[in-house]
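For reference, my_file_26.txt (compact mmCIF, N, CA and C atoms and all ligand atoms):
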```
# COMPACT_ATOMS: atom_id res chain seq x y z
N MET A 1 69.29 4.99 13.53
CA MET A 1 67.84 4.79 13.37
C MET A 1 67.09 6.04 13.84
N ALA A 2 66.16 6.47 13.05
CA ALA A 2 65.34 7.61 13.46
C ALA A 2 64.53 7.23 14.69
N PRO A 3 64.24 8.23 15.54
CA PRO A 3 63.49 7.92 16.77
C PRO A 3 62.20 7.15 16.48
N ASP A 4 61.52 7.53 15.40
CA ASP A 4 60.27 6.88 15.03
C ASP A 4 60.47 5.41 14.72
N GLU A 5 61.57 5.13 14.02
CA GLU A 5 61.84 3.74 13.65
C GLU A 5 62.19 2.91 14.86
N ARG A 6 62.91 3.54 15.78
CA ARG A 6 63.27 2.84 17.00
C ARG A 6 62.00 2.51 17.78
N GLN A 7 61.13 3.51 17.86
CA GLN A 7 59.86 3.35 18.56
C GLN A 7 59.04 2.24 17.91
N ARG A 8 59.05 2.26 16.59
CA ARG A 8 58.29 1.28 15.84
C ARG A 8 58.83 -0.14 16.07
N ALA A 9 60.17 -0.25 16.03
CA ALA A 9 60.79 -1.55 16.26
C ALA A 9 60.41 -2.07 17.65
N LEU A 10 60.38 -1.16 18.60
CA LEU A 10 60.04 -1.52 19.97
C LEU A 10 58.60 -2.03 20.06
N LEU A 11 57.71 -1.32 19.40
CA LEU A 11 56.29 -1.69 19.41
C LEU A 11 56.06 -3.02 18.71
N VAL A 12 56.73 -3.18 17.56
CA VAL A 12 56.56 -4.41 16.80
C VAL A 12 57.07 -5.60 17.61
N GLU A 13 58.18 -5.37 18.30
CA GLU A 13 58.75 -6.43 19.13
C GLU A 13 57.75 -6.81 20.23
N GLN A 14 57.16 -5.80 20.82
CA GLN A 14 56.18 -6.03 21.88
C GLN A 14 54.97 -6.79 21.33
N GLN A 15 54.58 -6.38 20.13
CA GLN A 15 53.43 -7.00 19.46
C GLN A 15 53.70 -8.50 19.22
N GLU A 16 54.93 -8.79 18.75
CA GLU A 16 55.31 -10.18 18.51
C GLU A 16 55.23 -10.99 19.79
N ARG A 17 55.71 -10.39 20.86
CA ARG A 17 55.73 -11.08 22.13
C ARG A 17 54.30 -11.39 22.59
N ILE A 18 53.41 -10.41 22.40
CA ILE A 18 52.02 -10.59 22.80
C ILE A 18 51.35 -11.67 21.94
N ARG A 19 51.64 -11.65 20.65
CA ARG A 19 51.08 -12.66 19.75
C ARG A 19 51.49 -14.05 20.16
N ALA A 20 52.78 -14.19 20.51
CA ALA A 20 53.28 -15.49 20.93
C ALA A 20 52.55 -15.94 22.20
N ARG A 21 52.28 -14.98 23.08
CA ARG A 21 51.60 -15.30 24.34
C ARG A 21 50.15 -15.73 24.07
N VAL A 22 49.49 -15.03 23.16
CA VAL A 22 48.12 -15.39 22.80
C VAL A 22 48.09 -16.81 22.23
N ALA A 23 49.04 -17.10 21.33
CA ALA A 23 49.10 -18.43 20.71
C ALA A 23 49.33 -19.51 21.76
N GLU A 24 50.21 -19.20 22.71
CA GLU A 24 50.54 -20.14 23.77
C GLU A 24 49.31 -20.42 24.64
N LEU A 25 48.61 -19.36 25.00
CA LEU A 25 47.42 -19.50 25.84
C LEU A 25 46.32 -20.25 25.10
N GLU A 26 46.20 -19.98 23.80
CA GLU A 26 45.19 -20.67 23.00
C GLU A 26 45.47 -22.16 22.97
N ALA A 27 46.75 -22.51 22.84
CA ALA A 27 47.13 -23.92 22.82
C ALA A 27 46.81 -24.58 24.16
N GLU A 28 47.06 -23.85 25.25
CA GLU A 28 46.76 -24.39 26.58
C GLU A 28 45.26 -24.59 26.77
N MET A 29 44.49 -23.60 26.28
CA MET A 29 43.03 -23.70 26.36
C MET A 29 42.55 -24.93 25.59
N ASP A 30 43.13 -25.12 24.43
CA ASP A 30 42.79 -26.25 23.58
C ASP A 30 43.01 -27.57 24.31
N ALA A 31 44.19 -27.68 24.89
CA ALA A 31 44.56 -28.90 25.60
C ALA A 31 43.61 -29.13 26.77
N LEU A 32 43.30 -28.04 27.45
CA LEU A 32 42.43 -28.14 28.63
C LEU A 32 41.00 -28.49 28.20
N THR A 33 40.57 -27.92 27.10
CA THR A 33 39.22 -28.22 26.60
C THR A 33 39.11 -29.70 26.28
N ARG A 34 40.17 -30.23 25.68
CA ARG A 34 40.16 -31.67 25.37
C ARG A 34 40.16 -32.49 26.64
N ALA A 35 40.94 -32.07 27.63
CA ALA A 35 41.01 -32.79 28.90
C ALA A 35 39.64 -32.79 29.57
N ARG A 36 38.96 -31.64 29.52
CA ARG A 36 37.63 -31.54 30.14
C ARG A 36 36.64 -32.45 29.44
N ARG A 37 36.71 -32.45 28.12
CA ARG A 37 35.78 -33.27 27.36
C ARG A 37 35.96 -34.74 27.76
N GLY A 38 37.22 -35.16 27.84
CA GLY A 38 37.52 -36.54 28.22
C GLY A 38 36.97 -36.83 29.60
N GLU A 39 37.14 -35.87 30.47
CA GLU A 39 36.70 -36.04 31.85
C GLU A 39 35.18 -36.20 31.92
N PHE A 40 34.45 -35.43 31.13
CA PHE A 40 32.98 -35.53 31.16
C PHE A 40 32.51 -36.86 30.59
N ASP A 41 33.26 -37.36 29.61
CA ASP A 41 32.90 -38.66 29.03
C ASP A 41 33.05 -39.77 30.05
N ASP A 42 34.10 -39.67 30.84
CA ASP A 42 34.41 -40.74 31.78
C ASP A 42 33.53 -40.69 33.01
N ASP A 43 33.60 -39.56 33.70
CA ASP A 43 32.92 -39.50 34.99
C ASP A 43 32.66 -38.04 35.33
N GLU A 44 31.42 -37.67 35.40
CA GLU A 44 31.08 -36.28 35.67
C GLU A 44 31.51 -35.84 37.07
N HIS A 45 31.65 -36.81 37.94
CA HIS A 45 31.96 -36.45 39.33
C HIS A 45 33.43 -36.62 39.66
N ASP A 46 34.22 -36.65 38.64
CA ASP A 46 35.66 -36.71 38.84
C ASP A 46 36.08 -35.54 39.73
N PRO A 47 36.77 -35.80 40.84
CA PRO A 47 37.19 -34.70 41.72
C PRO A 47 38.12 -33.71 41.01
N GLU A 48 38.74 -34.16 39.93
CA GLU A 48 39.63 -33.26 39.20
C GLU A 48 38.86 -32.23 38.39
N GLY A 49 37.58 -32.47 38.23
CA GLY A 49 36.77 -31.58 37.42
C GLY A 49 36.81 -30.14 37.90
N ALA A 50 36.72 -29.95 39.19
CA ALA A 50 36.72 -28.60 39.75
C ALA A 50 38.04 -27.90 39.46
N THR A 51 39.13 -28.65 39.60
CA THR A 51 40.45 -28.07 39.33
C THR A 51 40.53 -27.65 37.88
N LEU A 52 40.09 -28.54 37.00
CA LEU A 52 40.15 -28.23 35.57
C LEU A 52 39.33 -27.00 35.24
N SER A 53 38.15 -26.90 35.85
CA SER A 53 37.32 -25.77 35.47
C SER A 53 37.82 -24.46 36.06
N SER A 54 38.45 -24.52 37.24
CA SER A 54 39.01 -23.26 37.75
C SER A 54 40.25 -22.88 36.97
N GLN A 55 40.97 -23.89 36.51
CA GLN A 55 42.14 -23.65 35.67
C GLN A 55 41.69 -23.04 34.34
N TRP A 56 40.56 -23.55 33.88
CA TRP A 56 40.02 -23.07 32.61
C TRP A 56 39.61 -21.60 32.73
N SER A 57 38.94 -21.24 33.82
CA SER A 57 38.52 -19.83 33.92
C SER A 57 39.71 -18.92 34.10
N MET A 58 40.76 -19.44 34.78
CA MET A 58 41.96 -18.62 34.94
C MET A 58 42.59 -18.37 33.57
N LEU A 59 42.71 -19.45 32.78
CA LEU A 59 43.29 -19.33 31.44
C LEU A 59 42.45 -18.41 30.56
N ALA A 60 41.13 -18.56 30.67
CA ALA A 60 40.24 -17.73 29.85
C ALA A 60 40.47 -16.26 30.16
N GLY A 61 40.67 -15.95 31.44
CA GLY A 61 40.93 -14.57 31.85
C GLY A 61 42.25 -14.07 31.29
N LEU A 62 43.27 -14.93 31.38
CA LEU A 62 44.59 -14.54 30.86
C LEU A 62 44.54 -14.32 29.36
N LEU A 63 43.82 -15.22 28.69
CA LEU A 63 43.72 -15.12 27.23
C LEU A 63 42.99 -13.84 26.84
N GLU A 64 41.95 -13.54 27.59
CA GLU A 64 41.18 -12.33 27.30
C GLU A 64 42.07 -11.09 27.42
N SER A 65 42.87 -11.04 28.49
CA SER A 65 43.70 -9.85 28.66
C SER A 65 44.85 -9.84 27.65
N ALA A 66 45.33 -11.02 27.25
CA ALA A 66 46.38 -11.07 26.23
C ALA A 66 45.83 -10.57 24.89
N ARG A 67 44.56 -10.92 24.60
CA ARG A 67 43.95 -10.46 23.35
C ARG A 67 43.70 -8.95 23.40
N ASP A 68 43.42 -8.48 24.57
CA ASP A 68 43.26 -7.04 24.79
C ASP A 68 44.58 -6.33 24.49
N ASP A 69 45.66 -6.90 25.04
CA ASP A 69 47.00 -6.34 24.79
C ASP A 69 47.30 -6.34 23.30
N GLU A 70 46.88 -7.41 22.64
CA GLU A 70 47.13 -7.55 21.21
C GLU A 70 46.45 -6.40 20.45
N ARG A 71 45.22 -6.11 20.85
CA ARG A 71 44.49 -5.00 20.22
C ARG A 71 45.19 -3.68 20.49
N HIS A 72 45.63 -3.51 21.74
CA HIS A 72 46.33 -2.28 22.10
C HIS A 72 47.62 -2.11 21.30
N ALA A 73 48.34 -3.22 21.12
CA ALA A 73 49.60 -3.17 20.38
C ALA A 73 49.33 -2.77 18.94
N ALA A 74 48.30 -3.38 18.33
CA ALA A 74 47.96 -3.05 16.95
C ALA A 74 47.57 -1.58 16.87
N GLY A 75 46.83 -1.12 17.85
CA GLY A 75 46.41 0.28 17.89
C GLY A 75 47.60 1.22 18.01
N ALA A 76 48.57 0.83 18.82
CA ALA A 76 49.74 1.68 19.03
C ALA A 76 50.54 1.80 17.74
N VAL A 77 50.69 0.68 17.01
CA VAL A 77 51.41 0.72 15.74
C VAL A 77 50.66 1.61 14.75
N GLU A 78 49.34 1.48 14.73
CA GLU A 78 48.53 2.33 13.85
C GLU A 78 48.71 3.80 14.18
N ARG A 79 48.67 4.09 15.49
CA ARG A 79 48.82 5.49 15.90
C ARG A 79 50.20 6.01 15.53
N LEU A 80 51.21 5.14 15.66
CA LEU A 80 52.56 5.56 15.30
C LEU A 80 52.61 5.93 13.82
N GLU A 81 51.98 5.09 13.00
CA GLU A 81 51.96 5.37 11.56
C GLU A 81 51.20 6.65 11.24
N ALA A 82 50.19 6.93 12.04
CA ALA A 82 49.39 8.14 11.81
C ALA A 82 50.05 9.36 12.46
N GLY A 83 51.19 9.16 13.12
CA GLY A 83 51.87 10.25 13.79
C GLY A 83 51.19 10.67 15.09
N GLU A 84 50.36 9.77 15.64
CA GLU A 84 49.63 10.12 16.86
C GLU A 84 50.10 9.33 18.07
N TYR A 85 51.16 8.55 17.85
CA TYR A 85 51.63 7.74 18.96
C TYR A 85 52.20 8.63 20.06
N GLY A 86 51.89 8.29 21.30
CA GLY A 86 52.42 9.06 22.42
C GLY A 86 51.56 10.26 22.77
N ILE A 87 50.44 10.41 22.07
CA ILE A 87 49.49 11.47 22.40
C ILE A 87 48.35 10.83 23.17
N CYS A 88 48.03 11.40 24.30
CA CYS A 88 46.96 10.86 25.12
C CYS A 88 45.62 10.96 24.36
N VAL A 89 44.90 9.82 24.28
CA VAL A 89 43.64 9.83 23.53
C VAL A 89 42.55 10.61 24.28
N ALA A 90 42.76 10.84 25.56
CA ALA A 90 41.74 11.55 26.34
C ALA A 90 41.97 13.07 26.36
N CYS A 91 43.20 13.49 26.72
CA CYS A 91 43.42 14.94 26.85
C CYS A 91 44.19 15.53 25.66
N GLN A 92 44.61 14.65 24.73
CA GLN A 92 45.32 15.08 23.51
C GLN A 92 46.68 15.71 23.78
N ARG A 93 47.18 15.57 25.01
CA ARG A 93 48.50 16.11 25.30
C ARG A 93 49.52 14.98 25.18
N PRO A 94 50.79 15.34 24.88
CA PRO A 94 51.81 14.28 24.79
C PRO A 94 51.96 13.54 26.12
N ILE A 95 52.09 12.22 26.03
CA ILE A 95 52.30 11.42 27.23
C ILE A 95 53.78 11.53 27.61
N PRO A 96 54.10 11.83 28.86
CA PRO A 96 55.51 11.95 29.26
C PRO A 96 56.30 10.69 28.90
N PRO A 97 57.50 10.86 28.30
CA PRO A 97 58.30 9.72 27.83
C PRO A 97 58.52 8.65 28.90
N ALA A 98 58.68 9.05 30.14
CA ALA A 98 58.91 8.06 31.20
C ALA A 98 57.70 7.13 31.34
N GLN A 99 56.52 7.70 31.15
CA GLN A 99 55.29 6.89 31.24
C GLN A 99 55.20 5.92 30.07
N LEU A 100 55.60 6.39 28.90
CA LEU A 100 55.57 5.54 27.71
C LEU A 100 56.61 4.43 27.81
N GLU A 101 57.73 4.77 28.41
CA GLU A 101 58.78 3.78 28.55
C GLU A 101 58.33 2.65 29.46
N ALA A 102 57.63 3.02 30.52
CA ALA A 102 57.15 2.02 31.46
C ALA A 102 56.09 1.14 30.81
N ARG A 103 55.22 1.75 30.01
CA ARG A 103 54.16 0.99 29.35
C ARG A 103 53.97 1.50 27.93
N PRO A 104 54.73 0.94 26.98
CA PRO A 104 54.72 1.48 25.61
C PRO A 104 53.33 1.44 24.96
N LEU A 105 52.43 0.61 25.47
CA LEU A 105 51.13 0.50 24.82
C LEU A 105 50.08 1.44 25.40
N ARG A 106 50.49 2.27 26.35
CA ARG A 106 49.45 3.11 26.97
C ARG A 106 48.88 4.12 25.98
N GLU A 107 47.59 4.33 26.07
CA GLU A 107 46.89 5.27 25.18
C GLU A 107 46.57 6.56 25.91
N ARG A 108 46.65 6.49 27.23
CA ARG A 108 46.31 7.66 28.04
C ARG A 108 47.45 7.99 28.98
N CYS A 109 47.60 9.26 29.30
CA CYS A 109 48.59 9.64 30.31
C CYS A 109 48.13 9.13 31.66
N VAL A 110 49.02 9.15 32.63
CA VAL A 110 48.70 8.62 33.94
C VAL A 110 47.49 9.36 34.54
N ALA A 111 47.47 10.67 34.34
CA ALA A 111 46.37 11.48 34.90
C ALA A 111 45.02 11.02 34.34
N CYS A 112 44.96 10.76 33.05
CA CYS A 112 43.70 10.36 32.42
C CYS A 112 43.35 8.89 32.67
N SER A 113 44.35 8.08 33.03
CA SER A 113 44.08 6.67 33.30
C SER A 113 43.48 6.47 34.67
N ALA A 114 43.68 7.46 35.53
CA ALA A 114 43.24 7.30 36.91
C ALA A 114 41.71 7.31 37.00
ZN ZN A 201 45.70 12.56 29.25
```
Please lay out the structure from this file as structure tokens.
Amino acid sequence: MAPDERQRALLVEQQERIRARVAELEAEMDALTRARRGEFDDDEHDPEGATLSSQWSMLAGLLESARDDERHAAGAVERLEAGEYGICVACQRPIPPAQLEARPLRERCVACSA
């Protein structure tokens, strides 16, 4: 496999994993939204309400960052196709391979991320 193809396979795999995570979180949000609705219908002062709503904000945060990752993954695949993958978007220098290996979706080198 050419290095590019290997890189691409790696990115696509990562993208699939992120998509699955987004779908999973969305399903959890859905279930929780239904649970909350039921709870409001029954009793607004249900002591479980606070737990549900803190659980909901936690999930919302996770979902937001998973969707962010999803965008980054799509961007990385696009950059790979454009031959720009692994180039720091800030300083335009190649990102050291060790940094890319640790975080394949990074758009900036460590120096520019700081
Ligand atoms: Zn940089």
> Smallest atom-to-atom distance to Leu100 in chain A: which of A:Ala74, A:Ser65, A:Gly86, A:Arg21, using all atoms listed in the file?
Replying inline: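 Of all the options, A:Gly86 lies closest to Leu100 in chain A.
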All residues having an atom within 9 Å of ligand ZN 201 (chain A) (only C-alpha atoms and all ligand atoms) as a PDB file with N, CA and C atoms, in the coordinates of the input:
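Result file follows (out.pdb):
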```
ATOM      1  N   ILE A  87      50.440  10.410  22.070  1.00  0.00           N
ATOM      2  CA  ILE A  87      49.490  11.470  22.400  1.00  0.00           C
ATOM      3  C   ILE A  87      48.350  10.830  23.170  1.00  0.00           C
ATOM      4  N   CYS A  88      48.030  11.400  24.300  1.00  0.00           N
ATOM      5  CA  CYS A  88      46.960  10.860  25.120  1.00  0.00           C
ATOM      6  C   CYS A  88      45.620  10.960  24.360  1.00  0.00           C
ATOM      7  N   VAL A  89      44.900   9.820  24.280  1.00  0.00           N
ATOM      8  CA  VAL A  89      43.640   9.830  23.530  1.00  0.00           C
ATOM      9  C   VAL A  89      42.550  10.610  24.280  1.00  0.00           C
ATOM     10  N   ALA A  90      42.760  10.840  25.560  1.00  0.00           N
ATOM     11  CA  ALA A  90      41.740  11.550  26.340  1.00  0.00           C
ATOM     12  C   ALA A  90      41.970  13.070  26.360  1.00  0.00           C
ATOM     13  N   CYS A  91      43.200  13.490  26.720  1.00  0.00           N
ATOM     14  CA  CYS A  91      43.420  14.940  26.850  1.00  0.00           C
ATOM     15  C   CYS A  91      44.190  15.530  25.660  1.00  0.00           C
ATOM     16  N   GLN A  92      44.610  14.650  24.730  1.00  0.00           N
ATOM     17  CA  GLN A  92      45.320  15.080  23.510  1.00  0.00           C
ATOM     18  C   GLN A  92      46.680  15.710  23.780  1.00  0.00           C
ATOM     19  N   ARG A  93      47.180  15.570  25.010  1.00  0.00           N
ATOM     20  CA  ARG A  93      48.500  16.110  25.300  1.00  0.00           C
ATOM     21  C   ARG A  93      49.520  14.980  25.180  1.00  0.00           C
ATOM     22  N   PRO A  94      50.790  15.340  24.880  1.00  0.00           N
ATOM     23  CA  PRO A  94      51.810  14.280  24.790  1.00  0.00           C
ATOM     24  C   PRO A  94      51.960  13.540  26.120  1.00  0.00           C
ATOM     25  N   ILE A  95      52.090  12.220  26.030  1.00  0.00           N
ATOM     26  CA  ILE A  95      52.300  11.420  27.230  1.00  0.00           C
ATOM     27  C   ILE A  95      53.780  11.530  27.610  1.00  0.00           C
ATOM     28  N   GLU A 107      47.590   4.330  26.070  1.00  0.00           N
ATOM     29  CA  GLU A 107      46.890   5.270  25.180  1.00  0.00           C
ATOM     30  C   GLU A 107      46.570   6.560  25.910  1.00  0.00           C
ATOM     31  N   ARG A 108      46.650   6.490  27.230  1.00  0.00           N
ATOM     32  CA  ARG A 108      46.310   7.660  28.040  1.00  0.00           C
ATOM     33  C   ARG A 108      47.450   7.990  28.980  1.00  0.00           C
ATOM     34  N   CYS A 109      47.600   9.260  29.300  1.00  0.00           N
ATOM     35  CA  CYS A 109      48.590   9.640  30.310  1.00  0.00           C
ATOM     36  C   CYS A 109      48.130   9.130  31.660  1.00  0.00           C
ATOM     37  N   VAL A 110      49.020   9.150  32.630  1.00  0.00           N
ATOM     38  CA  VAL A 110      48.700   8.620  33.940  1.00  0.00           C
ATOM     39  C   VAL A 110      47.490   9.360  34.540  1.00  0.00           C
ATOM     40  N   ALA A 111      47.470  10.670  34.340  1.00  0.00           N
ATOM     41  CA  ALA A 111      46.370  11.480  34.900  1.00  0.00           C
ATOM     42  C   ALA A 111      45.020  11.020  34.340  1.00  0.00           C
ATOM     43  N   CYS A 112      44.960  10.760  33.050  1.00  0.00           N
ATOM     44  CA  CYS A 112      43.700  10.360  32.420  1.00  0.00           C
ATOM     45  C   CYS A 112      43.350   8.890  32.670  1.00  0.00           C
ATOM     46  N   SER A 113      44.350   8.080  33.030  1.00  0.00           N
ATOM     47  CA  SER A 113      44.080   6.670  33.300  1.00  0.00           C
ATOM     48  C   SER A 113      43.480   6.470  34.670  1.00  0.00           C
TER      49      SER A 113
END
```
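Excluding Met29 in chain A and any residue on its chain fewer than 3 positions from it, the residues at most 7 Å away by all atoms listed in the file are Glu24, Leu25, Glu26, Leu32, Thr33, Arg34, Trp56, Leu59 and Ala60 of chain A.
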> What is the distance, in Å and to one decimal place, between atom C of Ala50 in chain A and atom C of Asp68 in chain A?
Replying inline: 27.1 Å
>> Quick one: residues within 7 Å of Ala76 in chain A, all atoms listed in the file, excluding same-chain residues fewer than 4 positions away - as a list in words?
In response: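 Here the answer would be Leu11, Arg71, His72, Leu80, Glu81, Tyr85, Pro104 and Leu105 of chain A.
Atom pair atom N of Gly38 in chain A / CA of Gly61 in chain A: separated by 21.3 Å.
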>> I'd like to know which of A:Val22, A:Ala31, A:Gly75, A:Thr51 is closest to Leu63 in chain A, using only N, CA and C atoms.
In response: A:Val22
> Please, what distance in Å, to one decimal, runs between atom C of Ala73 in chain A and atom N of Gln15 in chain A?
Replying inline: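 Separating atom C of Ala73 in chain A from atom N of Gln15 in chain A is a distance of 6.5 Å.
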>> According to DSSP computed on the backbone, where in chain A is there alpha helix (DSSP H)? Give the residues as an NGL selection string.
In response: :A and (3-42 or 48-81 or 97-102 or 110-113)
> Which one is closest to Gln14 in chain A: A:Glu101, A:Glu70, A:Gly83, A:Ser54? Count only N, CA and C atoms.
Replying inline: A:Glu70
Using 6 Å of padding on each side, determine the axis-aligned box around all atoms of range 48-55 of chain A present in the file and give its centre and edge lengths in Å to one decimal, as lines of an AutoDock Vina configuration file.
```
center_x = 39.4
center_y = -28.5
center_z = 37.1
size_x = 17.4
size_y = 23.3
size_z = 17.6
```
Could you please fill out range 13-35 of chain A with N, CA, C and O atoms and send it back as an mmCIF file, in the coordinates of the input?
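See result-v3.cif below for the written result:
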```cif
data_model
loop_
_atom_site.group_PDB
_atom_site.id
_atom_site.type_symbol
_atom_site.label_atom_id
_atom_site.label_comp_id
_atom_site.auth_asym_id
_atom_site.auth_seq_id
_atom_site.Cartn_x
_atom_site.Cartn_y
_atom_site.Cartn_z
ATOM 1 N N GLU A 13 58.180 -5.370 18.300
ATOM 2 C CA GLU A 13 58.750 -6.430 19.130
ATOM 3 C C GLU A 13 57.750 -6.810 20.230
ATOM 4 O O GLU A 13 57.521 -7.982 20.504
ATOM 5 N N GLN A 14 57.160 -5.800 20.820
ATOM 6 C CA GLN A 14 56.180 -6.030 21.880
ATOM 7 C C GLN A 14 54.970 -6.790 21.330
ATOM 8 O O GLN A 14 54.448 -7.711 21.948
ATOM 9 N N GLN A 15 54.580 -6.380 20.130
ATOM 10 C CA GLN A 15 53.430 -7.000 19.460
ATOM 11 C C GLN A 15 53.700 -8.500 19.220
ATOM 12 O O GLN A 15 52.839 -9.337 19.453
ATOM 13 N N GLU A 16 54.930 -8.790 18.750
ATOM 14 C CA GLU A 16 55.310 -10.180 18.510
ATOM 15 C C GLU A 16 55.230 -10.990 19.790
ATOM 16 O O GLU A 16 54.750 -12.116 19.805
ATOM 17 N N ARG A 17 55.710 -10.390 20.860
ATOM 18 C CA ARG A 17 55.730 -11.080 22.130
ATOM 19 C C ARG A 17 54.300 -11.390 22.590
ATOM 20 O O ARG A 17 53.996 -12.463 23.087
ATOM 21 N N ILE A 18 53.410 -10.410 22.400
ATOM 22 C CA ILE A 18 52.020 -10.590 22.800
ATOM 23 C C ILE A 18 51.350 -11.670 21.940
ATOM 24 O O ILE A 18 50.629 -12.521 22.446
ATOM 25 N N ARG A 19 51.640 -11.650 20.650
ATOM 26 C CA ARG A 19 51.080 -12.660 19.750
ATOM 27 C C ARG A 19 51.490 -14.050 20.160
ATOM 28 O O ARG A 19 50.685 -14.976 20.154
ATOM 29 N N ALA A 20 52.780 -14.190 20.510
ATOM 30 C CA ALA A 20 53.280 -15.490 20.930
ATOM 31 C C ALA A 20 52.550 -15.940 22.200
ATOM 32 O O ALA A 20 52.217 -17.112 22.356
ATOM 33 N N ARG A 21 52.280 -14.980 23.080
ATOM 34 C CA ARG A 21 51.600 -15.300 24.340
ATOM 35 C C ARG A 21 50.150 -15.730 24.070
ATOM 36 O O ARG A 21 49.664 -16.668 24.675
ATOM 37 N N VAL A 22 49.490 -15.030 23.160
ATOM 38 C CA VAL A 22 48.120 -15.390 22.800
ATOM 39 C C VAL A 22 48.090 -16.810 22.230
ATOM 40 O O VAL A 22 47.267 -17.635 22.631
ATOM 41 N N ALA A 23 49.040 -17.100 21.330
ATOM 42 C CA ALA A 23 49.100 -18.430 20.710
ATOM 43 C C ALA A 23 49.330 -19.510 21.760
ATOM 44 O O ALA A 23 48.708 -20.574 21.740
ATOM 45 N N GLU A 24 50.210 -19.200 22.710
ATOM 46 C CA GLU A 24 50.540 -20.140 23.770
ATOM 47 C C GLU A 24 49.310 -20.420 24.640
ATOM 48 O O GLU A 24 49.007 -21.570 24.960
ATOM 49 N N LEU A 25 48.610 -19.360 25.000
ATOM 50 C CA LEU A 25 47.420 -19.500 25.840
ATOM 51 C C LEU A 25 46.320 -20.250 25.100
ATOM 52 O O LEU A 25 45.602 -21.072 25.688
ATOM 53 N N GLU A 26 46.200 -19.980 23.800
ATOM 54 C CA GLU A 26 45.190 -20.670 23.000
ATOM 55 C C GLU A 26 45.470 -22.160 22.970
ATOM 56 O O GLU A 26 44.550 -22.977 23.065
ATOM 57 N N ALA A 27 46.750 -22.510 22.840
ATOM 58 C CA ALA A 27 47.130 -23.920 22.820
ATOM 59 C C ALA A 27 46.810 -24.580 24.160
ATOM 60 O O ALA A 27 46.310 -25.705 24.218
ATOM 61 N N GLU A 28 47.060 -23.850 25.250
ATOM 62 C CA GLU A 28 46.760 -24.390 26.580
ATOM 63 C C GLU A 28 45.260 -24.590 26.770
ATOM 64 O O GLU A 28 44.818 -25.563 27.354
ATOM 65 N N MET A 29 44.490 -23.600 26.280
ATOM 66 C CA MET A 29 43.030 -23.700 26.360
ATOM 67 C C MET A 29 42.550 -24.930 25.590
ATOM 68 O O MET A 29 41.669 -25.652 26.050
ATOM 69 N N ASP A 30 43.130 -25.120 24.430
ATOM 70 C CA ASP A 30 42.790 -26.250 23.580
ATOM 71 C C ASP A 30 43.010 -27.570 24.310
ATOM 72 O O ASP A 30 42.147 -28.439 24.329
ATOM 73 N N ALA A 31 44.190 -27.680 24.890
ATOM 74 C CA ALA A 31 44.560 -28.900 25.600
ATOM 75 C C ALA A 31 43.610 -29.130 26.770
ATOM 76 O O ALA A 31 43.151 -30.241 27.022
ATOM 77 N N LEU A 32 43.300 -28.040 27.450
ATOM 78 C CA LEU A 32 42.430 -28.140 28.630
ATOM 79 C C LEU A 32 41.000 -28.490 28.200
ATOM 80 O O LEU A 32 40.315 -29.262 28.885
ATOM 81 N N THR A 33 40.570 -27.920 27.100
ATOM 82 C CA THR A 33 39.220 -28.220 26.600
ATOM 83 C C THR A 33 39.110 -29.700 26.280
ATOM 84 O O THR A 33 38.116 -30.347 26.611
ATOM 85 N N ARG A 34 40.170 -30.230 25.680
ATOM 86 C CA ARG A 34 40.160 -31.670 25.370
ATOM 87 C C ARG A 34 40.160 -32.490 26.640
ATOM 88 O O ARG A 34 39.439 -33.481 26.752
ATOM 89 N N ALA A 35 40.940 -32.070 27.630
ATOM 90 C CA ALA A 35 41.010 -32.790 28.900
ATOM 91 C C ALA A 35 39.640 -32.790 29.570
ATOM 92 O O ALA A 35 39.203 -33.804 30.131
#
```
